file coords38.pdb (PDB, C-alpha atoms)
ATOM      1  CA  MET A  17      44.195  29.341 128.035
ATOM      2  CA  ASN A  18      41.161  31.622 128.161
ATOM      3  CA  ASP A  19      41.881  33.997 125.300
ATOM      4  CA  LEU A  20      41.100  34.592 121.640
ATOM      5  CA  THR A  21      42.201  32.556 118.642
ATOM      6  CA  LEU A  22      44.718  34.001 116.211
ATOM      7  CA  ASP A  23      41.978  34.963 113.750
ATOM      8  CA  GLU A  24      40.044  36.633 116.555
ATOM      9  CA  CYS A  25      43.180  38.478 117.687
ATOM     10  CA  TRP A  26      43.677  39.875 114.196
ATOM     11  CA  ALA A  27      40.164  41.296 114.402
ATOM     12  CA  TYR A  28      40.351  42.459 118.034
ATOM     13  CA  ARG A  29      40.370  46.250 118.313
ATOM     14  CA  PRO A  30      39.074  47.304 121.730
ATOM     15  CA  ALA A  31      37.732  50.794 122.353
ATOM     16  CA  LEU A  32      40.104  51.687 125.171
ATOM     17  CA  ALA A  33      39.411  54.678 127.400
ATOM     18  CA  VAL A  34      41.876  57.503 126.768
ATOM     19  CA  PRO A  35      42.165  60.123 129.536
ATOM     20  CA  GLU A  36      41.354  63.618 128.300
ATOM     21  CA  ASP A  37      44.568  64.931 129.832
ATOM     22  CA  LEU A  38      46.825  62.043 128.767
ATOM     23  CA  ASP A  39      49.208  64.170 126.693
ATOM     24  CA  ALA A  40      49.249  66.950 129.286
ATOM     25  CA  PHE A  41      49.913  64.438 132.068
ATOM     26  CA  TRP A  42      53.012  63.068 130.355
ATOM     27  CA  GLU A  43      54.232  66.462 129.206
ATOM     28  CA  ARG A  44      54.013  67.682 132.794
ATOM     29  CA  THR A  45      55.695  64.527 134.086
ATOM     30  CA  LEU A  46      58.618  64.608 131.687
ATOM     31  CA  ARG A  47      59.360  68.292 132.041
ATOM     32  CA  ALA A  48      59.149  68.241 135.844
ATOM     33  CA  ASP A  49      62.855  67.586 136.328
ATOM     34  CA  GLU A  50      65.699  69.043 134.326
ATOM     35  CA  PRO A  51      67.725  65.891 133.582
ATOM     36  CA  ALA A  52      71.242  65.976 135.036
ATOM     37  CA  ALA A  53      74.131  64.439 133.154
ATOM     38  CA  PRO A  54      74.473  60.638 133.279
ATOM     39  CA  THR A  55      77.714  59.136 134.546
ATOM     40  CA  TYR A  56      79.700  56.270 133.023
ATOM     41  CA  GLU A  57      82.335  54.368 135.015
ATOM     42  CA  PRO A  58      84.495  51.736 133.247
ATOM     43  CA  VAL A  59      84.071  48.185 134.527
ATOM     44  CA  ASP A  60      86.767  45.532 134.197
ATOM     45  CA  THR A  61      84.857  42.434 133.118
ATOM     46  CA  GLY A  62      87.890  40.564 131.818
ATOM     47  CA  LEU A  63      86.404  40.629 128.318
ATOM     48  CA  THR A  64      88.502  41.972 125.443
ATOM     49  CA  GLN A  65      86.010  42.570 122.635
ATOM     50  CA  ILE A  66      83.407  44.576 124.587
ATOM     51  CA  ARG A  67      83.911  47.606 126.812
ATOM     52  CA  THR A  68      81.459  47.909 129.681
ATOM     53  CA  TYR A  69      80.507  50.913 131.781
ATOM     54  CA  ALA A  70      78.435  51.166 134.952
ATOM     55  CA  VAL A  71      75.801  53.767 134.190
ATOM     56  CA  THR A  72      73.859  56.093 136.469
ATOM     57  CA  VAL A  73      71.065  58.115 134.868
ATOM     58  CA  PRO A  74      68.927  60.598 136.826
ATOM     59  CA  GLY A  75      65.408  59.194 136.496
ATOM     60  CA  HIS A  76      62.072  60.314 137.862
ATOM     61  CA  GLY A  77      62.543  63.033 140.459
ATOM     62  CA  GLY A  78      66.251  63.075 139.648
ATOM     63  CA  GLU A  79      66.626  59.778 141.520
ATOM     64  CA  PRO A  80      69.618  57.665 140.402
ATOM     65  CA  VAL A  81      68.836  54.739 138.123
ATOM     66  CA  HIS A  82      71.617  52.309 137.327
ATOM     67  CA  GLY A  83      72.456  50.275 134.265
ATOM     68  CA  TRP A  84      75.159  48.944 131.984
ATOM     69  CA  LEU A  85      76.511  50.298 128.724
ATOM     70  CA  HIS A  86      78.253  47.859 126.387
ATOM     71  CA  LEU A  87      80.322  49.097 123.430
ATOM     72  CA  PRO A  88      82.057  46.817 120.923
ATOM     73  CA  THR A  89      85.807  47.380 120.683
ATOM     74  CA  ASN A  90      86.140  46.379 117.013
ATOM     75  CA  THR A  91      83.825  48.981 115.456
ATOM     76  CA  VAL A  92      83.982  52.741 115.056
ATOM     77  CA  GLY A  93      81.169  55.101 115.965
ATOM     78  CA  PRO A  94      78.831  56.645 116.010
ATOM     79  CA  LEU A  95      76.919  53.412 116.579
ATOM     80  CA  PRO A  96      73.233  52.572 116.581
ATOM     81  CA  CYS A  97      72.148  51.949 120.169
ATOM     82  CA  VAL A  98      69.737  49.346 121.524
ATOM     83  CA  VAL A  99      68.197  50.534 124.795
ATOM     84  CA  GLU A 100      66.852  47.520 126.688
ATOM     85  CA  TYR A 101      64.237  47.485 129.441
ATOM     86  CA  LEU A 102      63.802  44.430 131.625
ATOM     87  CA  GLY A 103      60.998  42.058 132.528
ATOM     88  CA  TYR A 104      58.950  42.164 135.714
ATOM     89  CA  GLY A 105      61.037  41.483 138.814
ATOM     90  CA  ARG A 106      64.349  41.629 136.968
ATOM     91  CA  GLY A 107      67.368  43.846 137.610
ATOM     92  CA  ARG A 108      70.374  44.696 135.461
ATOM     93  CA  GLY A 109      72.221  41.609 136.679
ATOM     94  CA  LEU A 110      75.958  41.097 136.214
ATOM     95  CA  PRO A 111      77.852  43.163 133.646
ATOM     96  CA  HIS A 112      78.722  40.240 131.361
ATOM     97  CA  GLU A 113      75.250  38.662 131.110
ATOM     98  CA  LYS A 114      73.779  40.443 128.071
ATOM     99  CA  LEU A 115      76.295  40.731 125.238
ATOM    100  CA  PHE A 116      74.295  39.923 122.082
ATOM    101  CA  TRP A 117      73.782  43.444 120.783
ATOM    102  CA  ALA A 118      77.317  44.644 121.440
ATOM    103  CA  SER A 119      78.621  41.479 119.767
ATOM    104  CA  ALA A 120      76.555  42.447 116.700
ATOM    105  CA  GLY A 121      78.177  45.904 116.563
ATOM    106  CA  PHE A 122      75.582  47.955 118.428
ATOM    107  CA  ALA A 123      75.931  50.080 121.516
ATOM    108  CA  HIS A 124      73.741  48.449 124.171
ATOM    109  CA  LEU A 125      72.321  50.377 127.133
ATOM    110  CA  ILE A 126      70.514  48.300 129.791
ATOM    111  CA  MET A 127      68.279  49.958 132.380
ATOM    112  CA  ASP A 128      67.952  48.587 135.896
ATOM    113  CA  THR A 129      64.358  48.534 137.172
ATOM    114  CA  ARG A 130      63.700  50.590 140.285
ATOM    115  CA  GLY A 131      62.825  48.439 143.268
ATOM    116  CA  GLN A 132      62.806  45.231 141.239
ATOM    117  CA  GLY A 133      65.300  42.450 140.657
ATOM    118  CA  TRP A 134      68.373  42.514 142.833
ATOM    119  CA  SER A 135      66.871  45.181 145.046
ATOM    120  CA  ALA A 136      69.046  44.179 148.010
ATOM    121  CA  ALA A 137      72.284  43.920 146.035
ATOM    122  CA  PRO A 138      74.978  46.626 145.940
ATOM    123  CA  GLY A 139      74.466  48.955 142.992
ATOM    124  CA  SER A 140      70.787  48.197 142.517
ATOM    125  CA  THR A 141      68.189  50.909 141.949
ATOM    126  CA  ALA A 142      65.884  51.790 144.819
ATOM    127  CA  ASP A 143      62.342  53.135 144.525
ATOM    128  CA  PRO A 144      62.017  55.853 147.152
ATOM    129  CA  GLY A 145      58.536  56.858 145.992
ATOM    130  CA  ARG A 146      55.499  56.756 148.250
ATOM    131  CA  TYR A 147      53.468  53.576 148.737
ATOM    132  CA  PRO A 148      49.969  54.587 149.800
ATOM    133  CA  ALA A 149      48.141  52.263 152.159
ATOM    134  CA  GLY A 150      46.201  49.516 150.492
ATOM    135  CA  THR A 151      48.458  47.621 148.083
ATOM    136  CA  VAL A 152      49.025  43.959 147.359
ATOM    137  CA  PRO A 153      52.456  42.354 146.857
ATOM    138  CA  GLY A 154      54.161  43.483 143.675
ATOM    139  CA  PHE A 155      54.312  46.785 141.825
ATOM    140  CA  LEU A 156      51.072  47.114 139.874
ATOM    141  CA  THR A 157      49.098  48.466 142.831
ATOM    142  CA  ARG A 158      51.691  50.858 144.285
ATOM    143  CA  GLY A 159      49.871  54.181 144.150
ATOM    144  CA  VAL A 160      47.239  52.771 141.791
ATOM    145  CA  THR A 161      44.482  55.089 143.006
ATOM    146  CA  ASP A 162      46.310  58.238 141.825
ATOM    147  CA  PRO A 163      48.159  58.632 138.487
ATOM    148  CA  ASP A 164      50.632  61.068 140.066
ATOM    149  CA  ASP A 165      51.634  58.559 142.767
ATOM    150  CA  PHE A 166      51.584  55.455 140.565
ATOM    151  CA  TYR A 167      54.766  53.368 140.438
ATOM    152  CA  TYR A 168      54.671  53.044 136.633
ATOM    153  CA  ARG A 169      54.682  56.804 136.194
ATOM    154  CA  ARG A 170      58.119  56.746 137.781
ATOM    155  CA  LEU A 171      59.305  53.708 135.857
ATOM    156  CA  ILE A 172      58.228  55.025 132.457
ATOM    157  CA  THR A 173      59.960  58.314 133.226
ATOM    158  CA  ASP A 174      63.149  56.380 134.026
ATOM    159  CA  ALA A 175      62.833  54.586 130.679
ATOM    160  CA  VAL A 176      62.474  57.840 128.739
ATOM    161  CA  ARG A 177      65.516  59.263 130.535
ATOM    162  CA  PHE A 178      67.595  56.256 129.458
ATOM    163  CA  ALA A 179      66.611  56.737 125.817
ATOM    164  CA  GLN A 180      67.555  60.401 126.111
ATOM    165  CA  ALA A 181      70.889  59.462 127.685
ATOM    166  CA  ALA A 182      71.625  57.056 124.832
ATOM    167  CA  GLN A 183      70.937  59.739 122.258
ATOM    168  CA  GLU A 184      73.385  62.111 123.949
ATOM    169  CA  HIS A 185      76.290  59.656 124.346
ATOM    170  CA  PRO A 186      79.266  60.525 122.101
ATOM    171  CA  ALA A 187      79.670  56.931 120.889
ATOM    172  CA  VAL A 188      76.039  56.731 119.723
ATOM    173  CA  ASP A 189      74.371  57.870 116.514
ATOM    174  CA  PRO A 190      71.473  59.977 117.848
ATOM    175  CA  ALA A 191      69.370  59.149 114.772
ATOM    176  CA  ARG A 192      69.488  55.380 115.455
ATOM    177  CA  ILE A 193      68.053  54.803 118.925
ATOM    178  CA  VAL A 194      66.204  51.504 119.309
ATOM    179  CA  VAL A 195      64.080  50.599 122.337
ATOM    180  CA  THR A 196      63.313  46.998 123.177
ATOM    181  CA  GLY A 197      62.400  44.601 125.951
ATOM    182  CA  ILE A 198      60.496  41.480 126.869
ATOM    183  CA  SER A 199      57.211  41.557 128.811
ATOM    184  CA  GLN A 200      57.443  44.579 131.129
ATOM    185  CA  GLY A 201      60.366  45.716 129.003
ATOM    186  CA  GLY A 202      58.194  45.417 125.913
ATOM    187  CA  GLY A 203      55.515  47.601 127.479
ATOM    188  CA  LEU A 204      58.144  50.158 128.472
ATOM    189  CA  SER A 205      59.570  50.209 124.949
ATOM    190  CA  LEU A 206      56.100  50.984 123.573
ATOM    191  CA  ALA A 207      55.634  53.776 126.106
ATOM    192  CA  VAL A 208      59.011  55.316 125.287
ATOM    193  CA  ALA A 209      58.352  55.087 121.536
ATOM    194  CA  ALA A 210      55.140  57.039 122.162
ATOM    195  CA  LEU A 211      56.645  59.646 124.505
ATOM    196  CA  PHE A 212      60.139  60.272 123.117
ATOM    197  CA  PRO A 213      60.352  61.415 119.466
ATOM    198  CA  GLY A 214      64.047  60.513 119.335
ATOM    199  CA  VAL A 215      63.242  56.798 119.016
ATOM    200  CA  ALA A 216      64.099  55.407 115.569
ATOM    201  CA  ALA A 217      62.712  51.885 116.104
ATOM    202  CA  ALA A 218      60.916  49.810 118.717
ATOM    203  CA  MET A 219      61.024  46.041 119.275
ATOM    204  CA  PRO A 220      58.460  45.049 121.940
ATOM    205  CA  ASP A 221      58.343  41.331 122.760
ATOM    206  CA  VAL A 222      55.236  39.786 124.387
ATOM    207  CA  PRO A 223      54.489  43.225 125.876
ATOM    208  CA  PHE A 224      53.094  43.706 129.363
ATOM    209  CA  LEU A 225      51.118  46.831 130.429
ATOM    210  CA  CYS A 226      48.677  46.487 127.509
ATOM    211  CA  ASP A 227      44.856  46.646 127.488
ATOM    212  CA  PHE A 228      44.455  46.504 131.262
ATOM    213  CA  PRO A 229      40.646  46.125 131.255
ATOM    214  CA  ARG A 230      40.961  42.807 129.426
ATOM    215  CA  ALA A 231      44.328  41.669 130.771
ATOM    216  CA  VAL A 232      43.248  41.871 134.419
ATOM    217  CA  ARG A 233      40.251  39.666 133.630
ATOM    218  CA  VAL A 234      41.805  36.970 131.433
ATOM    219  CA  ALA A 235      45.493  36.579 132.404
ATOM    220  CA  ALA A 236      45.902  33.146 133.964
ATOM    221  CA  GLN A 237      49.082  34.006 135.858
ATOM    222  CA  GLY A 238      51.533  36.800 136.510
ATOM    223  CA  PRO A 239      51.350  40.447 137.600
ATOM    224  CA  TYR A 240      47.947  41.346 136.170
ATOM    225  CA  GLY A 241      46.523  39.228 138.968
ATOM    226  CA  GLU A 242      47.790  41.811 141.454
ATOM    227  CA  VAL A 243      45.132  44.229 140.209
ATOM    228  CA  ALA A 244      42.424  41.588 140.405
ATOM    229  CA  GLY A 245      43.546  40.751 143.938
ATOM    230  CA  TYR A 246      43.507  44.423 144.902
ATOM    231  CA  LEU A 247      39.994  44.938 143.549
ATOM    232  CA  ALA A 248      38.805  41.821 145.344
ATOM    233  CA  LEU A 249      39.770  43.626 148.562
ATOM    234  CA  TYR A 250      38.747  47.159 147.565
ATOM    235  CA  ARG A 251      35.504  46.506 145.760
ATOM    236  CA  ASP A 252      34.568  50.171 145.303
ATOM    237  CA  ARG A 253      37.780  51.304 143.576
ATOM    238  CA  GLY A 254      37.415  49.734 140.134
ATOM    239  CA  SER A 255      36.771  52.930 138.166
ATOM    240  CA  GLN A 256      39.507  54.771 140.011
ATOM    241  CA  VAL A 257      42.050  51.985 139.452
ATOM    242  CA  PHE A 258      41.366  51.523 135.754
ATOM    243  CA  ARG A 259      41.523  55.279 135.224
ATOM    244  CA  THR A 260      45.025  55.342 136.732
ATOM    245  CA  LEU A 261      46.086  52.344 134.659
ATOM    246  CA  SER A 262      44.900  54.031 131.472
ATOM    247  CA  TYR A 263      47.657  56.653 131.808
ATOM    248  CA  VAL A 264      50.364  53.980 131.499
ATOM    249  CA  ASP A 265      48.532  51.501 129.261
ATOM    250  CA  ALA A 266      50.964  50.792 126.421
ATOM    251  CA  ALA A 267      48.060  50.018 124.093
ATOM    252  CA  VAL A 268      46.654  53.488 124.780
ATOM    253  CA  LEU A 269      50.018  55.217 124.411
ATOM    254  CA  ALA A 270      50.978  53.228 121.294
ATOM    255  CA  SER A 271      48.804  55.310 119.000
ATOM    256  CA  ASN A 272      51.192  58.252 119.570
ATOM    257  CA  ALA A 273      54.257  56.310 118.382
ATOM    258  CA  THR A 274      55.592  56.924 114.876
ATOM    259  CA  ALA A 275      58.834  54.884 114.688
ATOM    260  CA  PRO A 276      58.837  51.532 112.866
ATOM    261  CA  ALA A 277      58.192  48.594 115.192
ATOM    262  CA  LEU A 278      58.754  44.853 115.229
ATOM    263  CA  PHE A 279      56.457  43.075 117.689
ATOM    264  CA  SER A 280      56.471  39.485 118.867
ATOM    265  CA  ILE A 281      53.410  37.776 120.344
ATOM    266  CA  ALA A 282      53.002  34.262 121.782
ATOM    267  CA  MET A 283      49.592  32.691 121.317
ATOM    268  CA  MET A 284      49.781  30.463 124.416
ATOM    269  CA  ASP A 285      50.964  33.291 126.667
ATOM    270  CA  GLN A 286      49.202  33.028 130.035
ATOM    271  CA  THR A 287      50.983  36.052 131.531
ATOM    272  CA  CYS A 288      50.445  38.635 128.781
ATOM    273  CA  PRO A 289      47.419  37.311 126.880
ATOM    274  CA  PRO A 290      47.940  37.549 123.114
ATOM    275  CA  SER A 291      44.758  39.561 122.592
ATOM    276  CA  THR A 292      46.161  42.330 124.806
ATOM    277  CA  CYS A 293      49.429  42.386 122.853
ATOM    278  CA  PHE A 294      47.454  42.554 119.598
ATOM    279  CA  ALA A 295      45.484  45.471 121.040
ATOM    280  CA  ALA A 296      48.761  47.397 121.291
ATOM    281  CA  TYR A 297      49.896  46.197 117.867
ATOM    282  CA  HIS A 298      46.701  47.313 116.147
ATOM    283  CA  ARG A 299      46.787  50.744 117.818
ATOM    284  CA  TYR A 300      50.485  51.338 117.164
ATOM    285  CA  GLY A 301      50.870  54.543 115.147
ATOM    286  CA  GLY A 302      53.986  53.758 113.108
ATOM    287  CA  ASP A 303      54.830  51.151 110.481
ATOM    288  CA  LYS A 304      54.809  47.748 112.134
ATOM    289  CA  GLU A 305      55.451  44.058 111.709
ATOM    290  CA  VAL A 306      54.766  41.159 114.034
ATOM    291  CA  ARG A 307      56.197  37.696 114.526
ATOM    292  CA  VAL A 308      53.664  35.286 116.013
ATOM    293  CA  TYR A 309      54.787  32.232 118.009
ATOM    294  CA  GLU A 310      51.706  30.060 117.904
ATOM    295  CA  PHE A 311      52.727  27.369 120.387
ATOM    296  CA  ASN A 312      54.765  29.356 122.903
ATOM    297  CA  ASP A 313      53.865  30.640 126.350
ATOM    298  CA  HIS A 314      55.369  33.809 127.832
ATOM    299  CA  GLU A 315      58.914  32.849 126.805
ATOM    300  CA  GLY A 316      57.902  33.871 123.282
ATOM    301  CA  GLY A 317      60.489  33.571 120.520
ATOM    302  CA  GLU A 318      63.602  33.821 122.721
ATOM    303  CA  ALA A 319      66.786  33.373 120.626
ATOM    304  CA  HIS A 320      64.734  32.900 117.454
ATOM    305  CA  GLN A 321      63.273  36.369 117.916
ATOM    306  CA  GLN A 322      66.751  37.850 118.404
ATOM    307  CA  ILE A 323      67.672  36.599 114.933
ATOM    308  CA  GLU A 324      64.516  38.213 113.560
ATOM    309  CA  GLN A 325      65.328  41.474 115.329
ATOM    310  CA  LEU A 326      68.909  41.612 114.101
ATOM    311  CA  ALA A 327      67.872  41.013 110.477
ATOM    312  CA  TRP A 328      65.083  43.585 110.815
ATOM    313  CA  LEU A 329      67.399  46.259 112.229
ATOM    314  CA  ARG A 330      70.027  45.620 109.575
ATOM    315  CA  GLY A 331      67.362  46.085 106.935
ATOM    316  CA  LEU A 332      66.129  49.249 108.638
ATOM    317  CA  PHE A 333      69.554  50.815 109.140
ATOM    318  CA  GLY A 334      71.286  49.368 106.084
ATOM    319  CA  ARG A 335      74.096  47.655 107.964
TER     320      ARG A 335
END
call {"tool": "encode", "arguments": {"input": "coords38.pdb", "output": "structure tokens"}}
result
Amino acid sequence: MNDLTLDECWAYRPALAVPEDLDAFWERTLRADEPAAPTYEPVDTGLTQIRTYAVTVPGHGGEPVHGWLHLPTNTVGPLPCVVEYLGYGRGRGLPHEKLFWASAGFAHLIMDTRGQGWSAAPGSTADPGRYPAGTVPGFLTRGVTDPDDFYYRRLITDAVRFAQAAQEHPAVDPARIVVTGISQGGGLSLAVAALFPGVAAAMPDVPFLCDFPRAVRVAAQGPYGEVAGYLALYRDRGSQVFRTLSYVDAAVLASNATAPALFSIAMMDQTCPPSTCFAAYHRYGGDKEVRVYEFNDHEGGEAHQQIEQLAWLRGLFGR
């Protein structure tokens, strides 16, 4: 593991480049499309204590993004809602797979990830955006020479739209919207907390999309290597690529967030190096706590962190 010690991570505060037009870029992006109404279709899962709905939310460009909404049957609303974003390469899966938050009395809205996961399965979310010539396998280099064409511009917009949809659902308390996710989902939750003032709390776990200048150089495995591989082919595009990445860098965006946050970071993480996660933690603009898993790789705290999150949210919301 070629990264910093825990003491060094506590002291690590990189001077990240912030585009002069960062706020204007995201304001323009998020106002470009007047969001249409989401749709919710009941799904018969055979379960009796949780009601599930197949969700379609108009995302970037009005393109349909799918998901699941779980509501507990034994509680009355309006409910706090946990909006969950998924890890790299993962889709929404089957409707009965993720039941923890609904079982704990929360509404739970899960966003499918455009072009990722079960991309060939019925009901999955496509990514009809442009793929300029000169990419490497994966998603981190799709449109990476132009912020307007970049894949993660579309994905972050989708994530904001899901948080907005949660806030507008009649079963949900609009003042208690929580965004969370692991890895890529953690990075998305940080971005949404920074871009959508309706977020009441954020719970990013081992977040991806943080401190790209360092992550691309020190990550031992995983998606950051796509950027290194791209720049090994296109040796003259480094400045251009890192400028594009700065618009979606969750460590850059995090300073605009104001909601309370509970982070988790794994000190042996070879996919999302802990120093890069600490960069986002240190720059986060709201009140924050962190749980550090000293001997874990990218799996992080797993079920142990869920217990921490549930206790933290109950303390935050008084339930």
call {"tool": "closest_atom_pairs", "arguments": {"input": "coords38.pdb", "of": "stretch 19-79 of chain A", "to": "stretch 307-318 of chain A", "cutoff": "12 Å", "atoms": "only C-alpha atoms", "output": "CSV"}}
result
residue,atom,partner,partner_atom,distance
A:Thr21,CA,A:Glu310,CA,9.9
A:Leu22,CA,A:Glu310,CA,8.2
A:Asp23,CA,A:Glu310,CA,11.7
A:Cys25,CA,A:Val308,CA,11.1
A:Trp26,CA,A:Val308,CA,11.1
call {"tool": "closest_atom_pairs", "arguments": {"input": "coords38.pdb", "of": "stretch 98-133 of chain A", "to": "stretch 67-77 of chain A", "cutoff": "10 Å", "atoms": "all atoms listed in the file", "output": "CSV"}}
result
residue,atom,partner,partner_atom,distance
A:Pro111,CA,A:Thr68,CA,7.2
A:His112,CA,A:Thr68,CA,8.3
A:Leu115,CA,A:Thr68,CA,9.9
A:Ala118,CA,A:Arg67,CA,9.0
A:Ala123,CA,A:Arg67,CA,9.9
A:His124,CA,A:Thr68,CA,9.5
A:Leu125,CA,A:Val71,CA,8.6
A:Ile126,CA,A:Val71,CA,8.8
A:Met127,CA,A:Val71,CA,8.6
A:Asp128,CA,A:Val71,CA,9.6
A:Arg130,CA,A:Gly75,CA,9.6
call {"tool": "closest_residue", "arguments": {"input": "coords38.pdb", "among": "A:Gln286, A:Val188, A:Ile198, A:Trp42", "to": "A:Phe212", "atoms": "only C-alpha atoms"}}
result
A:Trp42
call {"tool": "atom_distance", "arguments": {"input": "coords38.pdb", "atom1": "atom CA of A:Arg192", "atom2": "atom CA of A:Arg47"}}
result
23.3 Å
call {"tool": "resolve_selection", "arguments": {"input": "coords38.pdb", "expression": "the PyMOL selection byres ((chain A and resi 218) around 10)", "output": "MDAnalysis selection string"}}
result
chainID A and resid 98:99 193:197 202 205:210 215:217 219:221 273:279 302 304 329
call {"tool": "atom_distance", "arguments": {"input": "coords38.pdb", "atom1": "atom CA of A:Val81", "atom2": "atom CA of A:Arg169"}}
result
14.4 Å
call {"tool": "closest_residue", "arguments": {"input": "coords38.pdb", "among": "A:Val264, A:Glu43, A:Leu32, A:Met284", "to": "A:Pro163", "atoms": "all atoms listed in the file"}}
result
A:Val264
call {"tool": "resolve_selection", "arguments": {"input": "coords38.pdb", "expression": "the PyMOL selection byres ((chain A and resi 234-244) around 9)", "output": "PyMOL selection string"}}
result
chain A and resi 17-19+104+151-157+160+224-225+228+230-233+245-249+257+285-289
